[in-house]
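Source file structure.pdb; content: PDB, C-alpha atoms (C1' of nucleotides).
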```
ATOM      1  CA  MET A   1      -2.155  19.620   2.203
ATOM      2  CA  GLU A   2      -5.049  17.407   3.114
ATOM      3  CA  ILE A   3      -4.814  13.931   4.515
ATOM      4  CA  LYS A   4      -6.001  12.139   1.379
ATOM      5  CA  SER A   5      -3.246  13.622  -0.797
ATOM      6  CA  ALA A   6      -0.672  12.953   1.900
ATOM      7  CA  ALA A   7      -1.720   9.312   2.242
ATOM      8  CA  LEU A   8      -1.654   8.920  -1.539
ATOM      9  CA  ALA A   9       1.889  10.291  -1.738
ATOM     10  CA  LEU A  10       3.076   8.189   1.202
ATOM     11  CA  ALA A  11       1.541   5.052  -0.291
ATOM     12  CA  ALA A  12       3.278   5.831  -3.573
ATOM     13  CA  LEU A  13       6.626   5.999  -1.770
ATOM     14  CA  GLY A  14       5.719   2.956   0.309
ATOM     15  CA  ASN A  15       6.719   0.574  -2.460
ATOM     16  CA  GLU A  16      10.381  -0.338  -2.651
ATOM     17  CA  GLN A  17      10.598  -0.143  -6.426
ATOM     18  CA  ARG A  18       8.941   3.274  -6.492
ATOM     19  CA  LEU A  19      11.013   4.577  -3.594
ATOM     20  CA  ARG A  20      14.109   3.540  -5.529
ATOM     21  CA  ILE A  21      12.835   5.377  -8.610
ATOM     22  CA  PHE A  22      11.985   8.457  -6.597
ATOM     23  CA  ARG A  23      15.380   8.657  -4.935
ATOM     24  CA  LEU A  24      17.067   8.183  -8.283
ATOM     25  CA  LEU A  25      15.122  11.160  -9.617
ATOM     26  CA  VAL A  26      15.870  13.278  -6.540
ATOM     27  CA  VAL A  27      19.572  12.929  -7.289
ATOM     28  CA  GLN A  28      19.107  13.583 -11.028
ATOM     29  CA  GLY A  29      17.676  17.067 -10.576
ATOM     30  CA  PRO A  30      15.311  18.972 -12.883
ATOM     31  CA  SER A  31      16.390  17.309 -16.142
ATOM     32  CA  GLY A  32      15.315  13.932 -14.810
ATOM     33  CA  LEU A  33      15.647  10.705 -16.780
ATOM     34  CA  ALA A  34      13.823   8.945 -19.602
ATOM     35  CA  ALA A  35      11.467   6.102 -18.685
ATOM     36  CA  GLY A  36      13.777   3.509 -20.199
ATOM     37  CA  GLU A  37      16.824   4.753 -18.301
ATOM     38  CA  ILE A  38      14.796   4.579 -15.100
ATOM     39  CA  ALA A  39      13.595   1.065 -15.870
ATOM     40  CA  ASP A  40      17.193  -0.048 -16.478
ATOM     41  CA  ALA A  41      18.495   1.667 -13.359
ATOM     42  CA  VAL A  42      15.989  -0.027 -11.050
ATOM     43  CA  ASP A  43      16.013  -3.271 -13.013
ATOM     44  CA  ALA A  44      12.332  -3.320 -13.944
ATOM     45  CA  GLY A  45      10.516  -4.240 -17.139
ATOM     46  CA  PRO A  46       9.092  -1.413 -19.234
ATOM     47  CA  THR A  47       5.527  -2.211 -18.218
ATOM     48  CA  ALA A  48       6.309  -2.309 -14.515
ATOM     49  CA  ALA A  49       8.338   0.893 -14.733
ATOM     50  CA  SER A  50       5.525   2.635 -16.572
ATOM     51  CA  PHE A  51       3.045   1.509 -13.929
ATOM     52  CA  HIS A  52       5.170   2.794 -11.053
ATOM     53  CA  LEU A  53       5.971   6.072 -12.791
ATOM     54  CA  LYS A  54       2.262   6.626 -13.349
ATOM     55  CA  GLU A  55       1.604   6.020  -9.643
ATOM     56  CA  LEU A  56       4.283   8.496  -8.579
ATOM     57  CA  GLU A  57       2.916  11.039 -11.025
ATOM     58  CA  ARG A  58      -0.652  10.496  -9.803
ATOM     59  CA  ALA A  59       0.613  11.146  -6.281
ATOM     60  CA  GLY A  60       2.085  14.474  -7.423
ATOM     61  CA  LEU A  61       5.661  13.474  -6.648
ATOM     62  CA  ILE A  62       7.066  13.454 -10.176
ATOM     63  CA  ARG A  63       6.214  14.994 -13.547
ATOM     64  CA  SER A  64       6.653  13.835 -17.113
ATOM     65  CA  THR A  65       7.524  15.736 -20.284
ATOM     66  CA  ARG A  66       7.882  14.344 -23.748
ATOM     67  CA  ASP A  67      11.298  14.846 -25.288
ATOM     68  CA  GLY A  68      11.219  13.526 -28.831
ATOM     69  CA  ARG A  69      10.591   9.833 -28.700
ATOM     70  CA  TYR A  70      11.512   9.758 -25.019
ATOM     71  CA  ILE A  71       9.400  10.669 -22.036
ATOM     72  CA  ARG A  72      11.453  12.218 -19.263
ATOM     73  CA  TYR A  73      10.468  12.040 -15.615
ATOM     74  CA  ALA A  74      11.675  14.421 -12.928
ATOM     75  CA  VAL A  75      10.853  15.110  -9.294
ATOM     76  CA  HIS A  76       7.967  17.522  -8.755
ATOM     77  CA  VAL A  77       9.546  19.880  -6.245
ATOM     78  CA  GLU A  78       6.334  21.362  -4.868
ATOM     79  CA  GLY A  79       4.795  17.930  -4.324
ATOM     80  CA  MET A  80       7.805  16.755  -2.333
ATOM     81  CA  ARG A  81       7.892  19.968  -0.296
ATOM     82  CA  ARG A  82       4.203  19.711   0.526
ATOM     83  CA  LEU A  83       4.577  16.161   1.744
ATOM     84  CA  LEU A  84       7.561  16.938   3.978
ATOM     85  CA  GLY A  85       5.705  19.955   5.318
ATOM     86  CA  TYR A  86       2.702  17.825   6.146
ATOM     87  CA  LEU A  87       4.812  15.231   7.955
ATOM     88  CA  THR A  88       6.624  17.791  10.076
ATOM     89  CA  GLU A  89       3.889  20.353  10.706
ATOM     90  CA  ASP A  90       2.840  18.807  14.012
ATOM     91  CA  CYS A  91       6.336  18.464  15.406
ATOM     92  CA  CYS A  92       6.446  21.902  16.953
ATOM     93  CA  LYS A  93       3.173  21.240  18.756
ATOM     94  CA  GLY A  94       4.744  19.936  21.927
ATOM     95  CA  HIS A  95       6.980  17.307  20.377
ATOM     96  CA  PRO A  96       9.858  18.987  18.515
ATOM     97  CA  GLU A  97      12.299  16.126  19.062
ATOM     98  CA  LEU A  98      10.162  14.035  16.691
ATOM     99  CA  CYS A  99      11.434  15.905  13.698
ATOM    100  CA  GLY A 100      15.004  15.158  14.689
ATOM    101  CA  GLY A 101      17.460  17.180  12.645
ATOM    102  CA  THR A 102      14.635  17.869  10.230
ATOM    103  CA  ILE A 103      12.808  21.047  11.162
ATOM    104  CA  LYS A 104      10.617  23.745   9.699
ATOM    105  CA  ARG A 105      12.226  27.010   8.680
ATOM    106  CA  THR A 106      11.101  29.964   6.642
ATOM    107  CA  LYS A 107      14.267  30.249   4.590
ATOM    108  CA  VAL A 108      15.678  27.346   2.566
ATOM    109  CA  THR A 109      19.311  26.610   3.308
ATOM    110  CA  CYS A 110      21.610  23.654   3.700
ATOM    111  CA  VAL A 111      23.323  23.453   7.072
ATOM    112  CA  GLY A 112      25.752  21.030   8.664
ATOM    113  CA  LYS A 113      27.236  18.005   7.016
ATOM    114  CA  GLY A 114      24.302  17.719   4.640
ATOM    115  CA  GLY A 115      24.522  13.927   4.400
TER     116      GLY A 115
ATOM    117  CA  MET B   1      18.139   3.412   7.373
ATOM    118  CA  GLU B   2      17.811   0.949   4.538
ATOM    119  CA  ILE B   3      15.289   1.138   1.769
ATOM    120  CA  LYS B   4      13.172  -1.804   2.938
ATOM    121  CA  SER B   5      12.517  -0.278   6.355
ATOM    122  CA  ALA B   6      11.813   3.093   4.784
ATOM    123  CA  ALA B   7       9.315   1.630   2.327
ATOM    124  CA  LEU B   8       7.644  -0.300   5.141
ATOM    125  CA  ALA B   9       7.243   2.862   7.212
ATOM    126  CA  LEU B  10       6.009   4.890   4.248
ATOM    127  CA  ALA B  11       3.496   2.197   3.330
ATOM    128  CA  ALA B  12       2.279   2.164   6.917
ATOM    129  CA  LEU B  13       1.648   5.913   6.754
ATOM    130  CA  GLY B  14       0.197   5.571   3.262
ATOM    131  CA  ASN B  15      -3.187   4.535   4.584
ATOM    132  CA  GLU B  16      -5.553   7.311   5.564
ATOM    133  CA  GLN B  17      -6.793   5.624   8.720
ATOM    134  CA  ARG B  18      -3.257   4.916   9.906
ATOM    135  CA  LEU B  19      -2.026   8.384   8.990
ATOM    136  CA  ARG B  20      -4.861   9.785  11.097
ATOM    137  CA  ILE B  21      -3.858   7.543  13.999
ATOM    138  CA  PHE B  22      -0.210   8.484  13.673
ATOM    139  CA  ARG B  23      -0.891  12.226  13.633
ATOM    140  CA  LEU B  24      -3.155  11.839  16.622
ATOM    141  CA  LEU B  25      -0.314  10.166  18.496
ATOM    142  CA  VAL B  26       2.223  12.789  17.388
ATOM    143  CA  VAL B  27       0.124  15.433  19.101
ATOM    144  CA  GLN B  28      -0.443  13.295  22.218
ATOM    145  CA  GLY B  29       3.239  13.055  23.110
ATOM    146  CA  PRO B  30       5.011  10.314  25.064
ATOM    147  CA  SER B  31       2.039   9.226  27.176
ATOM    148  CA  GLY B  32       0.105   8.278  24.049
ATOM    149  CA  LEU B  33      -3.419   6.884  24.125
ATOM    150  CA  ALA B  34      -5.121   3.565  24.826
ATOM    151  CA  ALA B  35      -6.180   1.452  21.837
ATOM    152  CA  GLY B  36      -9.865   2.088  22.549
ATOM    153  CA  GLU B  37      -9.432   5.858  22.728
ATOM    154  CA  ILE B  38      -7.600   5.749  19.415
ATOM    155  CA  ALA B  39     -10.320   3.624  17.815
ATOM    156  CA  ASP B  40     -12.967   6.091  19.004
ATOM    157  CA  ALA B  41     -10.990   9.116  17.856
ATOM    158  CA  VAL B  42     -10.551   7.853  14.316
ATOM    159  CA  ASP B  43     -13.968   6.209  14.223
ATOM    160  CA  ALA B  44     -12.780   2.647  13.636
ATOM    161  CA  GLY B  45     -13.933  -0.662  15.075
ATOM    162  CA  PRO B  46     -11.685  -2.293  17.684
ATOM    163  CA  THR B  47     -10.509  -4.974  15.264
ATOM    164  CA  ALA B  48      -9.644  -2.508  12.518
ATOM    165  CA  ALA B  49      -7.869  -0.210  14.987
ATOM    166  CA  SER B  50      -5.879  -3.128  16.360
ATOM    167  CA  PHE B  51      -4.861  -4.142  12.838
ATOM    168  CA  HIS B  52      -3.658  -0.652  11.946
ATOM    169  CA  LEU B  53      -1.860  -0.171  15.243
ATOM    170  CA  LYS B  54      -0.049  -3.439  14.670
ATOM    171  CA  GLU B  55       1.010  -2.254  11.219
ATOM    172  CA  LEU B  56       2.353   1.045  12.555
ATOM    173  CA  GLU B  57       4.201  -0.800  15.294
ATOM    174  CA  ARG B  58       5.674  -3.294  12.808
ATOM    175  CA  ALA B  59       6.915  -0.308  10.791
ATOM    176  CA  GLY B  60       8.684   1.045  13.888
ATOM    177  CA  LEU B  61       6.619   4.219  14.018
ATOM    178  CA  ILE B  62       4.784   3.603  17.285
ATOM    179  CA  ARG B  63       5.255   1.518  20.419
ATOM    180  CA  SER B  64       2.874  -0.157  22.810
ATOM    181  CA  THR B  65       2.995  -0.632  26.563
ATOM    182  CA  ARG B  66       0.467  -2.376  28.731
ATOM    183  CA  ASP B  67      -1.108  -0.184  31.379
ATOM    184  CA  GLY B  68      -3.387  -2.329  33.476
ATOM    185  CA  ARG B  69      -6.182  -3.550  31.268
ATOM    186  CA  TYR B  70      -5.341  -0.938  28.659
ATOM    187  CA  ILE B  71      -2.639  -0.993  26.031
ATOM    188  CA  ARG B  72      -1.242   2.446  25.348
ATOM    189  CA  TYR B  73       0.288   3.426  22.051
ATOM    190  CA  ALA B  74       2.723   6.301  21.546
ATOM    191  CA  VAL B  75       4.911   7.586  18.746
ATOM    192  CA  HIS B  76       8.320   5.959  18.516
ATOM    193  CA  VAL B  77      10.493   9.053  18.262
ATOM    194  CA  GLU B  78      13.560   7.371  16.801
ATOM    195  CA  GLY B  79      11.534   5.630  14.098
ATOM    196  CA  MET B  80       9.966   8.894  12.987
ATOM    197  CA  ARG B  81      13.326  10.679  13.014
ATOM    198  CA  ARG B  82      14.955   7.945  10.967
ATOM    199  CA  LEU B  83      12.245   8.108   8.339
ATOM    200  CA  LEU B  84      12.430  11.892   7.998
ATOM    201  CA  GLY B  85      16.195  11.662   7.808
ATOM    202  CA  TYR B  86      15.977   9.097   5.053
ATOM    203  CA  LEU B  87      13.541  11.228   3.049
ATOM    204  CA  THR B  88      15.643  14.356   3.294
ATOM    205  CA  GLU B  89      19.163  12.938   3.128
ATOM    206  CA  ASP B  90      19.456  13.414  -0.623
ATOM    207  CA  CYS B  91      18.163  16.969  -0.686
ATOM    208  CA  CYS B  92      21.512  18.632  -0.154
ATOM    209  CA  LYS B  93      22.999  16.605  -2.990
ATOM    210  CA  GLY B  94      22.367  19.213  -5.653
ATOM    211  CA  HIS B  95      18.690  19.765  -4.994
ATOM    212  CA  PRO B  96      18.208  21.602  -1.678
ATOM    213  CA  GLU B  97      14.965  23.293  -2.724
ATOM    214  CA  LEU B  98      13.308  19.862  -2.642
ATOM    215  CA  CYS B  99      13.277  19.819   1.098
ATOM    216  CA  GLY B 100      11.442  23.121   1.164
ATOM    217  CA  GLY B 101      11.347  24.640   4.621
ATOM    218  CA  THR B 102      12.332  21.223   5.918
ATOM    219  CA  ILE B 103      16.071  20.897   6.140
ATOM    220  CA  LYS B 104      18.757  18.950   7.915
ATOM    221  CA  ARG B 105      20.455  20.557  10.889
ATOM    222  CA  THR B 106      22.697  19.281  13.610
ATOM    223  CA  LYS B 107      20.835  21.013  16.416
ATOM    224  CA  VAL B 108      17.103  20.515  17.021
ATOM    225  CA  THR B 109      15.139  23.733  17.287
ATOM    226  CA  CYS B 110      11.779  25.108  16.281
ATOM    227  CA  VAL B 111      11.879  28.163  14.059
ATOM    228  CA  GLY B 112       9.238  30.326  12.399
ATOM    229  CA  LYS B 113       5.500  30.022  12.820
ATOM    230  CA  GLY B 114       5.783  26.340  13.590
ATOM    231  CA  GLY B 115       2.980  25.094  11.316
TER     232      GLY B 115
ATOM    233  C1'  DT C   1       5.519   4.941 -46.308
ATOM    234  C1'  DT C   2       8.095   1.499 -43.763
ATOM    235  C1'  DA C   3      11.025  -0.127 -40.085
ATOM    236  C1'  DA C   4      12.882   0.722 -35.689
ATOM    237  C1'  DT C   5      12.689   2.675 -31.052
ATOM    238  C1'  DA C   6      10.398   4.420 -26.725
ATOM    239  C1'  DG C   7       6.533   4.071 -23.913
ATOM    240  C1'  DT C   8       1.970   3.210 -22.786
ATOM    241  C1'  DT C   9      -2.498   0.701 -22.324
ATOM    242  C1'  DC C  10      -5.109  -3.391 -21.730
ATOM    243  C1'  DA C  11      -6.360  -7.643 -19.695
ATOM    244  C1'  DA C  12      -5.508 -11.736 -17.025
ATOM    245  C1'  DA C  13      -3.269 -13.768 -13.182
ATOM    246  C1'  DT C  14      -1.333 -13.266  -8.614
ATOM    247  C1'  DA C  15      -0.367 -11.256  -4.420
ATOM    248  C1'  DT C  16      -1.077  -8.219  -0.805
ATOM    249  C1'  DT C  17      -4.170  -5.384   2.263
ATOM    250  C1'  DA C  18      -8.188  -4.133   4.625
ATOM    251  C1'  DT C  19     -12.674  -5.168   6.914
ATOM    252  C1'  DT C  20     -15.701  -7.670   9.866
ATOM    253  C1'  DG C  21     -17.671 -10.884  13.099
ATOM    254  C1'  DT C  22     -16.544 -14.253  16.431
ATOM    255  C1'  DA C  23     -13.579 -16.341  19.671
ATOM    256  C1'  DA C  24      -9.791 -16.052  22.790
ATOM    257  C1'  DT C  25      -6.571 -13.677  26.272
ATOM    258  C1'  DA C  26      -5.392 -10.375  29.965
ATOM    259  C1'  DT C  27      -6.732  -7.521  33.703
ATOM    260  C1'  DT C  28      -9.668  -5.639  37.181
ATOM    261  C1'  DG C  29     -12.971  -5.606  40.844
ATOM    262  C1'  DA C  30     -16.569  -7.837  43.361
TER     263       DA C  30
ATOM    264  C1'  DT D   1     -13.892 -17.586  41.251
ATOM    265  C1'  DC D   2     -17.046 -14.936  38.257
ATOM    266  C1'  DA D   3     -18.568 -11.028  35.501
ATOM    267  C1'  DA D   4     -17.141  -7.052  33.078
ATOM    268  C1'  DT D   5     -13.838  -4.420  30.276
ATOM    269  C1'  DA D   6      -9.988  -3.805  26.937
ATOM    270  C1'  DT D   7      -7.769  -5.691  23.360
ATOM    271  C1'  DT D   8      -5.935  -9.068  20.288
ATOM    272  C1'  DA D   9      -6.073 -13.349  17.199
ATOM    273  C1'  DC D  10      -8.323 -15.927  13.827
ATOM    274  C1'  DA D  11     -10.841 -16.778   9.670
ATOM    275  C1'  DA D  12     -13.550 -15.524   5.803
ATOM    276  C1'  DT D  13     -14.435 -12.015   2.572
ATOM    277  C1'  DA D  14     -13.767  -8.006  -0.068
ATOM    278  C1'  DA D  15     -10.945  -4.714  -2.075
ATOM    279  C1'  DT D  16      -6.411  -3.084  -4.056
ATOM    280  C1'  DA D  17      -2.037  -3.445  -5.888
ATOM    281  C1'  DT D  18       1.460  -5.655  -8.616
ATOM    282  C1'  DT D  19       3.256  -8.309 -12.477
ATOM    283  C1'  DT D  20       3.417  -9.875 -17.160
ATOM    284  C1'  DG D  21       2.884 -10.405 -22.045
ATOM    285  C1'  DA D  22       0.668  -8.749 -26.084
ATOM    286  C1'  DA D  23      -1.207  -5.061 -28.558
ATOM    287  C1'  DC D  24      -1.298  -0.206 -29.432
ATOM    288  C1'  DT D  25       0.443   4.930 -30.044
ATOM    289  C1'  DA D  26       3.999   8.375 -30.914
ATOM    290  C1'  DT D  27       8.275   9.685 -32.850
ATOM    291  C1'  DT D  28      12.301   9.329 -35.665
ATOM    292  C1'  DA D  29      15.023   8.132 -39.620
ATOM    293  C1'  DA D  30      15.526   6.025 -43.873
TER     294       DA D  30
END
```

Have the structure of the file written as structure tokens, please.
Amino acid sequence: MEIKSAALALAALGNEQRLRIFRLLVVQGPSGLAAGEIADAVDAGPTAASFHLKELERAGLIRSTRDGRYIRYAVHVEGMRRLLGYLTEDCCKGHPELCGGTIKRTKVTCVGKGG
Amino acid sequence: MEIKSAALALAALGNEQRLRIFRLLVVQGPSGLAAGEIADAVDAGPTAASFHLKELERAGLIRSTRDGRYIRYAVHVEGMRRLLGYLTEDCCKGHPELCGGTIKRTKVTCVGKGG
DNA sequence: TTAATAGTTCAAATATTATTGTAATATTGA
DNA sequence: TCAATATTACAATAATATTTGAACTATTAA
């Protein structure tokens, strides 16, 4: 991942309303939620919600699919993985404690309490 | 970590110049670098560098200490750890693949190629 | 086709950020 | 103390981002 994409994604998450939306979608899983459900959940107007969803999509963090008259949004797994990889890739260069409990591994597993 | 602090930190990193500064400091380790060295390294004027350093410090991602006539900046380890923890804390709730190779563990170690 | 629902796009207003030059502060060394 | 160096603070400007209502598009159901 290059720095421009990383900064774009971080800026997208750097807005409280969007961060709230993103975390909501993380918990929802692959089926995601319709735009209106998201707007209700984060207490935003339809226009504001649409704007923020577009920003998150532009940043590669979520994806949209039309489902009848609804448009569903869900987390874009690869985009999220790339961003976390970018943030942690320097940690093993002399400063592993930076990444705290969050470290790079080759195999994906959930360990510990998993909070 | 609460959502406001997380959004503040993410917004701080969501600027290319600041992300460059932050990554530079990650690699430098605890001794950090003086403001002028940082400005030179990222090719910014002293005023712009000072502005961005202040933003990163306000977000709790770096810290400053005076060293004679210099002011040295270094990564704030706890701030970085908190942010990564916040970003990954939902991954094990039904969506572990989101965190990619980046997962929560109780013990801090470096595994694999180490990016 | 018409009415209703779900979302988006557009445009105007506002608010927040970033950039730059100049002035001010802190420290060092003569 | 004075001159030089490192950096920040201030102020003006420029650039972006956010919010809002109104208009528009797509889909469904009658």

Could I get the residues of chain A with an atom no further than 9 Å from an atom of chain C, each paired with its nearest atom pair and that distance in Å to one decimal, using all atoms listed in the file, sorted by chain and residue number, as a tab-separated table?
```
residue	atom	partner	partner_atom	distance
A:Ala35	CA	C:DG7	C1'	7.5
A:Gly36	CA	C:DA6	C1'	7.4
A:Pro46	CA	C:DG7	C1'	7.6
A:Thr47	CA	C:DT8	C1'	7.9
A:Ser50	CA	C:DT8	C1'	7.2
A:Arg69	CA	C:DA6	C1'	5.8
A:Tyr70	CA	C:DA6	C1'	5.7
A:Ile71	CA	C:DG7	C1'	7.4
```

Counting only C-alpha atoms (C1' of nucleotides), give me one row per residue of chain D with an atom at most 10 Å from an atom of chain A, showing the shortest contact pair and its distance in Å to one decimal, sorted by chain then residue number, as CSV.
```
residue,atom,partner,partner_atom,distance
D:DT18,C1',A:Ala48,CA,8.3
D:DT19,C1',A:Ala48,CA,7.0
D:DT20,C1',A:Thr47,CA,8.0
D:DG21,C1',A:Thr47,CA,9.4
D:DA26,C1',A:Arg69,CA,7.1
D:DT27,C1',A:Arg69,CA,4.8
D:DT28,C1',A:Arg69,CA,7.2
```

task = List every protein, DNA or RNA residue with an atom no more than 10 Å from (13.1, 9.5, -4.1) in the file's coordinates, counting all atoms listed in the file, and format the result as a ChimeraX atom specification.
result = /A:13,18-27,56,61-62,75,80 /B:86-88,90-91

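Counting from atom C1' of D:DA6, the distance to atom CA of B:Ala41 is 15.8 Å.
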
Residue IDs satisfying the PyMOL selection byres ((chain A and resi 9-12) around 10), as a PDB file with C-alpha atoms, in the frame of the given file:
```
ATOM      1  CA  ILE A   3      -4.814  13.931   4.515  1.00  0.00           C
ATOM      2  CA  LYS A   4      -6.001  12.139   1.379  1.00  0.00           C
ATOM      3  CA  SER A   5      -3.246  13.622  -0.797  1.00  0.00           C
ATOM      4  CA  ALA A   6      -0.672  12.953   1.900  1.00  0.00           C
ATOM      5  CA  ALA A   7      -1.720   9.312   2.242  1.00  0.00           C
ATOM      6  CA  LEU A   8      -1.654   8.920  -1.539  1.00  0.00           C
ATOM      7  CA  LEU A  13       6.626   5.999  -1.770  1.00  0.00           C
ATOM      8  CA  GLY A  14       5.719   2.956   0.309  1.00  0.00           C
ATOM      9  CA  ASN A  15       6.719   0.574  -2.460  1.00  0.00           C
ATOM     10  CA  GLU A  16      10.381  -0.338  -2.651  1.00  0.00           C
ATOM     11  CA  GLN A  17      10.598  -0.143  -6.426  1.00  0.00           C
ATOM     12  CA  ARG A  18       8.941   3.274  -6.492  1.00  0.00           C
ATOM     13  CA  LEU A  19      11.013   4.577  -3.594  1.00  0.00           C
ATOM     14  CA  PHE A  22      11.985   8.457  -6.597  1.00  0.00           C
ATOM     15  CA  HIS A  52       5.170   2.794 -11.053  1.00  0.00           C
ATOM     16  CA  LEU A  53       5.971   6.072 -12.791  1.00  0.00           C
ATOM     17  CA  LYS A  54       2.262   6.626 -13.349  1.00  0.00           C
ATOM     18  CA  GLU A  55       1.604   6.020  -9.643  1.00  0.00           C
ATOM     19  CA  LEU A  56       4.283   8.496  -8.579  1.00  0.00           C
ATOM     20  CA  GLU A  57       2.916  11.039 -11.025  1.00  0.00           C
ATOM     21  CA  ARG A  58      -0.652  10.496  -9.803  1.00  0.00           C
ATOM     22  CA  ALA A  59       0.613  11.146  -6.281  1.00  0.00           C
ATOM     23  CA  GLY A  60       2.085  14.474  -7.423  1.00  0.00           C
ATOM     24  CA  LEU A  61       5.661  13.474  -6.648  1.00  0.00           C
ATOM     25  CA  GLY A  79       4.795  17.930  -4.324  1.00  0.00           C
ATOM     26  CA  MET A  80       7.805  16.755  -2.333  1.00  0.00           C
ATOM     27  CA  ARG A  82       4.203  19.711   0.526  1.00  0.00           C
ATOM     28  CA  LEU A  83       4.577  16.161   1.744  1.00  0.00           C
ATOM     29  CA  LEU A  87       4.812  15.231   7.955  1.00  0.00           C
TER      30      LEU A  87
ATOM     31  CA  ALA B   7       9.315   1.630   2.327  1.00  0.00           C
ATOM     32  CA  LEU B   8       7.644  -0.300   5.141  1.00  0.00           C
ATOM     33  CA  ALA B   9       7.243   2.862   7.212  1.00  0.00           C
ATOM     34  CA  LEU B  10       6.009   4.890   4.248  1.00  0.00           C
ATOM     35  CA  ALA B  11       3.496   2.197   3.330  1.00  0.00           C
ATOM     36  CA  ALA B  12       2.279   2.164   6.917  1.00  0.00           C
ATOM     37  CA  LEU B  13       1.648   5.913   6.754  1.00  0.00           C
ATOM     38  CA  GLY B  14       0.197   5.571   3.262  1.00  0.00           C
ATOM     39  CA  ASN B  15      -3.187   4.535   4.584  1.00  0.00           C
ATOM     40  CA  GLU B  16      -5.553   7.311   5.564  1.00  0.00           C
ATOM     41  CA  LEU B  19      -2.026   8.384   8.990  1.00  0.00           C
TER      42      LEU B  19
END
```

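We find atom CA of B:Ala34 and atom CA of B:Ala74 to be spaced 8.9 Å apart.
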
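In this model, the gap between atom CA of A:Gly32 and atom CA of A:Arg72 comes to 6.1 Å.
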
remark   = From the list B:Leu84, B:Leu33, B:Ala39, B:Met1, the nearest residue to B:Thr65 using only C-alpha atoms is B:Leu33

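Minimum distance to chain A across B:Gln28, B:Tyr73, B:Ala49, B:Asp40 (counting only C-alpha atoms) occurs at B:Gln28.
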
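Take the candidates A:Arg66, A:Val77, A:Ala44, A:Ile38 and check each one against B:His95 using only C-alpha atoms; the shortest distance goes to A:Val77.
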